[in-house]
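Taking it in order: structure first as structure tokens, then the write-up.
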There are 2 protein chains.
Amino acid sequence: MTQQLPVAPSGGTLRPLGIDEVRITGGYWGDRQRVNAEATIGHCLHWLEELGWVANFDRVAEGGPFERAGREFSDSEIYKLAEAMAWEIGRSGSVELEKEFAALTERIGAAQRPDGYLNTMFDNPGQRPRYSDLEWGHELYCYGHLIQAAVARLRTRGEDAFVRIARRVADHVCETFGPGGIESICGHAEIEVALAELARATGERRYLDQAKLFIDRHGEHKLGKGGFGGVYYQDDVPIRRAEVLRGHAVRALYLSAGAVDVAVDTDDSELLEAIRGQWDRTVARRTHITGGMGSQYEDEAFGGDWALPPDRAYSESCAGIAAVMTAWRLLLATGESHYADMIERITWNVLAGAVAPDGKSFFYANPLHQRTADEPPPEGELSHRDRGGQRAAWFDVSCCPTNLARTFASIAAYVATADDTGLQIHQYTPGRIATELPGGPIEVAVETDYPDGGSITVRVDRSEGGRWTLGLRVPAWAEGARLTGPDGASREVGPGRAEIAHDFAAGDTVRLDLPIAPRWTVPDPRIDAVRDCAAVERGPLVLCAESVDLPVGADLAGLTVDTGRLPIGADGKVTVAARLHQRVDEWPYGASPAPDKDVTEAELDLIPFHLRATRGPAAMRVWLPAD
Amino acid sequence: MTQQLPVAPSGGTLRPLGIDEVRITGGYWGDRQRVNAEATIGHCLHWLEELGWVANFDRVAEGGPFERAGREFSDSEIYKLAEAMAWEIGRSGSVELEKEFAALTERIGAAQRPDGYLNTMFDNPGQRPRYSDLEWGHELYCYGHLIQAAVARLRTRGEDAFVRIARRVADHVCETFGPGGIESICGHAEIEVALAELARATGERRYLDQAKLFIDRHGEHKLGKGGFGGVYYQDDVPIRRAEVLRGHAVRALYLSAGAVDVAVDTDDSELLEAIRGQWDRTVARRTHITGGMGSQYEDEAFGGDWALPPDRAYSESCAGIAAVMTAWRLLLATGESHYADMIERITWNVLAGAVAPDGKSFFYANPLHQRTADEPPPEGELSHRDRGGQRAAWFDVSCCPTNLARTFASIAAYVATADDTGLQIHQYTPGRIATELPGGPIEVAVETDYPDGGSITVRVDRSEGGRWTLGLRVPAWAEGARLTGPDGASREVGPGRAEIAHDFAAGDTVRLDLPIAPRWTVPDPRIDAVRDCAAVERGPLVLCAESVDLPVGADLAGLTVDTGRLPIGADGKVTVAARLHQRVDEWPYGASPAPDKDVTEAELDLIPFHLRATRGPAAMRVWLPAD
């Protein structure tokens with residue numbers, strides 16, 4: 001059986017289940033999948049055509065000089081969209097999408113050179129020579145996305161014209177950048193994780209070897225320093241010697257994901273431990289409460305330790321996706337549940353909100369504090385990436401929409417795993433899971449309205465071959481969680497994985513009850529930017545306050561909250577006791593704070609962060625200053 | 001008498017005294033003037049030659065196509081240095097510098113076109129046409145600096161070849177951009193303030209009219225939006241309608257300075273009030289405790305209200321200079337002492353530290369928090385502007401060194417003013433002030449070791465013509481200041497201007513005693529980034545903690561201070577009671593902060609912020625978290 005999944009390690013602890021094994025049948029993520037299929041994919045294709053980014057391939061095929069549309073990495077948007085389409089075709093079998101995929105394949109293929117080279121920005125008449133600008137040219141980066149799309153295709157439909165294009169590209173890369181070839185790397189990591197997976201999907205070892213070569217070349221100063229230094233593209237320190245993720249966040253995390261793949265498939269525990277250590281320190285010191293990574297706007301980079309400003313939390317959507325990719329690989333490699341905790345956190349608090357409910361506008365940056373209620377960007381206009389507080393239809397640099405589309409189309413592949421002992425469920429959504437355990441096939445249904453409710457019921461619909469273990473992730477925040485077995489006996493379970501070994505039969509149910517009452521969360525005192533603030537979390541959701549919920553005339557800048565009173569959760573609403581201060585405007589530093597002109601008390605409603613900016617222009621903040 | 005000063009309004013409240021009237025004779029600023037003359041000017045000239053930025057003029061004069069060195073605004077560095085040289089020649093009469101100035105003049109003049117056009121980036125063979133890129137071309141910006149240098153020259157040496165170059169440029173600008181000409185503005189304000197002053201220095205009204213035209217065209221969307229939008233160059237809202245300074249900080253402040261000049265010289269109280277309002281709100285909501293303005297690295301811009309992160313406080317040195325320029329003009333226009341307070345704050349806490357004690361390295365950005373102890377940039381290498389925590393010899397964009405040089409060379413011009421009633425001293429430095437009051441000439445000597453000490457003595461050395469008023473600025477922080485008159489009687493004086501009207505005779509002394517015991521200062525609670533922190537100020541100085549003063553192994557990130565105990569100032573040292581926490585590294589958000597692994601108590605020495613990074617690599621912070 002070909003597994004329909006983006007990551008299939010040759011070793012490690014847990015075996016991931018593909019989208020053929022996990023079907024999301026409803027709930028929030030069921031809805032997101034539907035909107036992704038019905039709206040987002042078409043929206044992306046429309047913009048890619050409108051802006052001429054697909055037509056670039058046609059111009060290359062025609063052979064003459066042409067005025068190229070888009071930035072140097074625009075080819076990759078077409079490939080990421082192709083990956084989204086491939087997963088969606090695999091999931092839904094859409095005939096119409098299959099036709100569009102075939103048409104796209106033909107246009108891409110027509111631009112490929114006989115030797116496998118494929119790019120619309122370089123090496124065509126009037127353009128710079130191929131590989132003449134590895135720092136910023138993004139040729140290998142684009143290949144990486146092409147190859148990931150091909151892996152999706154190979155695993156959902158098998159070998160086809162698209163896959164053949166990607167294999168020719170991969171062969172060309174190995175010839176050109178392999179031993180004796182160009183001894184360098186791409187300024188944007190991505191080829192590594194793609195080649196490693198292509199090796200798995202095709203059984204071709206040399207793709208893995210090439211991925212390893214690229215990984216190991218990082219930190220050998222192969223690239224020019226550019227404006228941001230070698231750290232920007234992780235060319236500052238060899239990956240095995242680095243202590244923390246740094247530089248451009250998406251680059252750092254794609255590279256990490258590829259490094260885990262290479263480590264697992266080459267049994268390289270030194271490399272795996274290096275990435276684990278970097279991840280741990282990054283999570284401890286360089287990650288926002290939303291799971292968002294990368295706090296600098298200027299170079300889209302990780303800031304230093306504890307540099308986590310909520311208002312300038314860049315927290316790029318693509319960095320969220322890349323962090324999920326890395327965490328998922330570390331979960332598979334180690335089986336450690338905290339990686340799945342982080343996937344849940346990022347998925348709900350970075351990715352979910354990055355796409356509008358209608359699937360047609362997006363956040364590129366995901367700051368945790370928006371001081372002003374700005375109008376949305378004009379319709380039909382390209383937006384700059386940090387367009388204050390409102391989602392935009394498309395961007396000048398538009399990496400996020402297609403990246404979100406491919407992730408949402410394959411989101412079911414991040415829900416569950418299996419091993420020799422049984423099944424592990426990591427993310428909770430209504431769905432059906434069917435797989436083969438050593439003892440025989442099993443099938444379960446998951447029923448839940450999580451995270452609105454905290455109860456998750458797993459009903460066994462099929463179980464042949466006796467005893468196996470059901471593992472259910474208990475998030476680190478879920479103190480007092482309870483697990484109820486098929487026999488009705490219930491016990492408290494601590495954070496990590498709650499396991500129940502049983503001779504399951506059809507009709508058996510296991511229930512996990514997670515405490516989802518809203519709770520106050522405070523930051524490490526070393527995070528200067530949110531000192532003396534608290535946030536409210538409910539289950540996996542980070543909540544926020546929006547100015548549209550304030551009394552008329554009140555300003556979110558004057559908000560303080562009473563953290564001595566628990567947030568109240570009732571009727572689907574979460575409320576905190578707040579004060580709204582009106583303060584004097586003068587030189588703002590002195591022996592004591594300027595006295596309030598006025599203070600009013602208020603009950604303030606909070607909403608999930610991912611639902612921000614869905615009710616018109618609004619100021620917003622996650623971190624609430626304590627009284 | 002020609003006054004030797006950069007700003008000579010035709011109206012307003014106070015008459016500024018020039019560098020011929022105010023001589024700084026010692027103290028900190030005496031030393032800075034000396035180092036500026038002996039080291040900084042030569043250092044700048046060296047780099048400008050080394051990098052070929054002066055040679056660009058020679059290439060233009062030769063007439064053929066050439067490979068131009070430097071960024072589009074590099075001509076302005078030569079002009080700012082010329083201004084520094086002009087003031088320094090005026091101050092010291094240096095014959096050697098006069099020779100260098102003449103040589104530079106010749107090379108600049110050789111590049112000027114018969115019609116007055118002068119630029120090394122445009123309109124020469126192989127280059128784009130003149131004025132084809134007003135957004136980024138900086139042609140008028142460069143002219144502005146040329147003209148300001150010419151004003152310095154005109155007022156210190158009179159008409160010469162340099163002045164004639166600038167007048168031809170100014171005439172060309174009026175012809176080209178005047179009524180019926182190109183109805184646009186430059187993407188970087190500067191021409192406005194320069195033309196307004198040239199009108200004063202030459203008596204040519206049309207330069208003032210042209211300045212007014214440029215001012216009023218801002219906000220009429222004359223420019224393309226560019227990556228950062230029209231707000232970046234203040235082309236978003238007409239200047240009379242804007243409520244706060246916004247966009248690129250240096251641009252906003254140069255424009256404001258020019259607007260005050262135009263308002264004063266055209267009796268335009270609406271315009272003056274608009275700038276006063278924008279300044280007030282900017283000071284209340286968008287200014288760091290150092291007086292630093294502009295908190296965004298990405299676009300070197302003002303952030304939103306209350307967006308004042310200490311670690312990403314961009315606080316560009318040039319923005320400090322531009323803020324002094326604006327505040328000085330507002331002080332002259334209104335006589336209000338708080339503008340001089342801000343000049344003092346910026347001068348001591350942004351400008352003073354922006355130049356190394358040896359005058360040969362500079363800060364471009366002046367953040368208030370440096371988390372890591374980074375090595376200085378390699379010698380002889382161009383630095384990026386935000387080179388972590390250490391001064392650099394030169395930058396890729398190197399606007400600050402020459403700007404600091406011209407400001408330090410003319411710093412005496414910001415010390416004192418006169419009006420019909422007498423003399424006002426705004427900044428305290430050892431020096432001699434001689435001017436003409438309506439009643440006759442006066443001369444005073446100022447003796448002080450301020451801000452090390454708080455005592456300022458003004459000794460009258462000459463006073464002919466009877467009674468006049470001596471005004472001494474009492475800074476807003478100076479609660480309990482005392483003024484002692486010539487009769488020995490002493491009284492407490494509140495913030496503002498302490499005045500003493502007297503029939504002064506030679507030998508009379510007036511003494512102002514300012515309380516300079518170190519004090520805790522807390523921020524407005526709306527400044528999220530420094531909530532629950534305090535800073536120590538002593539007199540006009542903001543202090544900071546540096547990691548080199550911590551016990552070995554301690555980390556500035558673990559610092560808290562006891563704000564309940566007053567900082568101790570003794571033996572030239574300031575000390576606070578501190579705790580150094582060692583904390584656990586794990587997911588940094590939870591129901592309560594992770595407990596300390598270890599805490600040690602310490603007495604922590606603080607140093608003036610302007611002396612940071614003079615003792616080797618160091619982490620540093622101004623805002624100290626309260627226990």
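Please note that chains go A, B, ... in the order of the structure tokens, that every chain numbers its residues from 1, and that ligands are numbered from 1 in the order shown.
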
Please provide as a compact mmCIF listing (two decimals) with N, CA and C atoms, in the first residue's frame all residues within 6 Å of A:Ala445, with the sequence filter that same-chain residues fewer than 6 positions apart are discarded (counting only C-alpha atoms).
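Saved the output as out.txt:
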```txt
# COMPACT_ATOMS: atom_id res chain seq x y z
N GLY A 431 -13.35 12.49 13.01
CA GLY A 431 -12.73 11.81 11.88
C GLY A 431 -12.79 10.31 12.01
N ARG A 432 -12.29 9.67 10.98
CA ARG A 432 -12.19 8.22 10.97
C ARG A 432 -10.74 7.84 10.69
N VAL A 458 -13.28 8.13 21.36
CA VAL A 458 -12.77 7.28 20.29
C VAL A 458 -13.58 5.99 20.32
N ARG A 459 -14.31 5.77 19.24
CA ARG A 459 -15.13 4.55 19.18
C ARG A 459 -14.47 3.57 18.22
```

Give me, as a list of chain:residue names, the contact residues of chain A against chain B at a cut-off of 7 Å, counting only C-alpha atoms. A:Val283, A:Ala284, A:Ile289, A:Tyr297, A:Glu298, A:Trp520, A:Thr521, A:Val522, A:Pro523, A:Asp524, A:Arg526, A:Asp528, A:Ala529, A:Val530, A:Arg531, A:Asp532, A:Ala557, A:Gly558, A:Asp585, A:Glu586, A:Trp587, A:Pro588, A:Tyr589, A:Gly590, A:Ala591, A:Ser592, A:Pro593, A:Ala594

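Here atom CA of A:Ile24 and atom CA of A:Gly93 stand 15.1 Å from one another.
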
Who sits within 12 Å of B:His338, only C-alpha atoms, same chain under 6 positions skipped, as a ChimeraX atom specification: /A:586-587 /B:276,279-280,283,327-328,330-332,344-345,426,473-477,495-497

Write a file of the selected residues as a short mmCIF file (atom, residue, chain, number, x, y, z; two decimals), in the first residue's frame, keeping N, CA and C atoms.
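Saved the output as out.cif:
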```cif
data_model
loop_
_atom_site.label_atom_id
_atom_site.label_comp_id
_atom_site.auth_asym_id
_atom_site.auth_seq_id
_atom_site.Cartn_x
_atom_site.Cartn_y
_atom_site.Cartn_z
N GLU A 586 1.58 63.51 28.21
CA GLU A 586 2.67 64.46 28.42
C GLU A 586 3.96 63.65 28.31
N TRP A 587 5.08 64.24 28.66
CA TRP A 587 6.32 63.46 28.66
C TRP A 587 6.09 62.20 29.49
N ARG B 276 3.74 72.25 16.19
CA ARG B 276 3.78 72.16 17.65
C ARG B 276 2.92 71.01 18.15
N TRP B 279 4.59 67.71 17.30
CA TRP B 279 5.74 67.52 18.19
C TRP B 279 5.27 67.06 19.57
N ASP B 280 4.26 67.74 20.10
CA ASP B 280 3.77 67.39 21.44
C ASP B 280 3.32 65.93 21.50
N VAL B 283 6.31 63.61 21.27
CA VAL B 283 7.06 63.56 22.52
C VAL B 283 6.30 62.74 23.56
N ALA B 327 13.44 71.05 17.48
CA ALA B 327 13.18 71.59 18.82
C ALA B 327 13.80 72.99 18.97
N TRP B 328 14.97 73.17 18.41
CA TRP B 328 15.65 74.47 18.49
C TRP B 328 14.81 75.55 17.82
N LEU B 330 11.61 75.48 17.34
CA LEU B 330 10.39 75.71 18.12
C LEU B 330 10.70 76.55 19.36
N LEU B 331 11.86 76.31 19.95
CA LEU B 331 12.28 77.13 21.09
C LEU B 331 12.43 78.60 20.68
N LEU B 332 13.09 78.83 19.56
CA LEU B 332 13.28 80.21 19.10
C LEU B 332 11.93 80.87 18.78
N GLU B 344 18.44 69.06 25.38
CA GLU B 344 19.42 68.55 26.35
C GLU B 344 19.36 67.02 26.42
N ARG B 345 18.15 66.50 26.49
CA ARG B 345 17.97 65.06 26.61
C ARG B 345 18.57 64.34 25.42
N HIS B 426 20.42 78.07 27.76
CA HIS B 426 19.58 76.87 27.68
C HIS B 426 20.36 75.60 27.98
N ARG B 473 17.69 78.05 32.25
CA ARG B 473 16.72 76.95 32.13
C ARG B 473 16.81 76.03 33.34
N VAL B 474 15.66 75.74 33.91
CA VAL B 474 15.57 74.74 34.97
C VAL B 474 14.85 73.53 34.37
N PRO B 475 15.58 72.43 34.19
CA PRO B 475 14.97 71.27 33.52
C PRO B 475 13.77 70.75 34.30
N ALA B 476 12.86 70.10 33.58
CA ALA B 476 11.62 69.61 34.20
C ALA B 476 11.90 68.62 35.33
N TRP B 477 13.01 67.91 35.26
CA TRP B 477 13.32 66.92 36.29
C TRP B 477 13.90 67.56 37.56
N PRO B 495 10.66 74.24 37.50
CA PRO B 495 11.02 73.96 36.11
C PRO B 495 10.55 75.05 35.17
N GLY B 496 11.30 75.26 34.14
CA GLY B 496 10.98 76.31 33.17
C GLY B 496 12.20 77.20 33.03
N ARG B 497 12.00 78.51 33.16
CA ARG B 497 13.15 79.40 33.10
C ARG B 497 13.20 80.24 34.37
#
```

Run DSSP on the backbone and give me the residues of stretch 538-625 of chain A it puts in helix (DSSP H, G or I), as a list of chain:residue names.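 Everything in stretch 538-625 of chain A that counts as helix (DSSP H, G or I) is A:Ser547, A:Val548, A:Asp549, A:Leu556, A:Ala557, A:Gly558, A:Phe609, A:His610, A:Leu611.
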
Go ahead and write the residues just picked, N, CA and C atoms, as a PDB file, in the first residue's frame.
```pdb
ATOM      1  N   SER A 547     -10.656  45.682  20.009  1.00  0.00           N
ATOM      2  CA  SER A 547     -11.248  46.979  20.362  1.00  0.00           C
ATOM      3  C   SER A 547     -12.738  47.036  20.050  1.00  0.00           C
ATOM      4  N   VAL A 548     -13.217  46.221  19.125  1.00  0.00           N
ATOM      5  CA  VAL A 548     -14.657  46.253  18.823  1.00  0.00           C
ATOM      6  C   VAL A 548     -15.491  45.772  20.007  1.00  0.00           C
ATOM      7  N   ASP A 549     -14.881  45.128  20.967  1.00  0.00           N
ATOM      8  CA  ASP A 549     -15.613  44.698  22.160  1.00  0.00           C
ATOM      9  C   ASP A 549     -15.491  45.683  23.327  1.00  0.00           C
ATOM     10  N   LEU A 556      -7.730  50.412  23.679  1.00  0.00           N
ATOM     11  CA  LEU A 556      -7.073  49.188  24.136  1.00  0.00           C
ATOM     12  C   LEU A 556      -5.743  49.492  24.833  1.00  0.00           C
ATOM     13  N   ALA A 557      -5.146  50.643  24.522  1.00  0.00           N
ATOM     14  CA  ALA A 557      -3.885  51.015  25.168  1.00  0.00           C
ATOM     15  C   ALA A 557      -4.091  51.317  26.648  1.00  0.00           C
ATOM     16  N   GLY A 558      -5.309  51.587  27.046  1.00  0.00           N
ATOM     17  CA  GLY A 558      -5.588  51.910  28.444  1.00  0.00           C
ATOM     18  C   GLY A 558      -6.130  50.736  29.232  1.00  0.00           C
ATOM     19  N   PHE A 609      -7.711  33.946  19.194  1.00  0.00           N
ATOM     20  CA  PHE A 609      -6.789  34.732  18.373  1.00  0.00           C
ATOM     21  C   PHE A 609      -6.996  34.461  16.882  1.00  0.00           C
ATOM     22  N   HIS A 610      -7.330  33.207  16.555  1.00  0.00           N
ATOM     23  CA  HIS A 610      -7.439  32.893  15.124  1.00  0.00           C
ATOM     24  C   HIS A 610      -8.677  33.538  14.493  1.00  0.00           C
ATOM     25  N   LEU A 611      -9.578  34.024  15.318  1.00  0.00           N
ATOM     26  CA  LEU A 611     -10.765  34.705  14.781  1.00  0.00           C
ATOM     27  C   LEU A 611     -10.617  36.223  14.755  1.00  0.00           C
TER      28      LEU A 611
END
```

Find the residue from B:Arg68, B:Asp171, B:Trp348, B:Gly494 that sits nearest to B:Gln127; use only C-alpha atoms when measuring.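 Checking each of B:Arg68, B:Asp171, B:Trp348, B:Gly494 against B:Gln127, counting only C-alpha atoms, the winner is B:Arg68.
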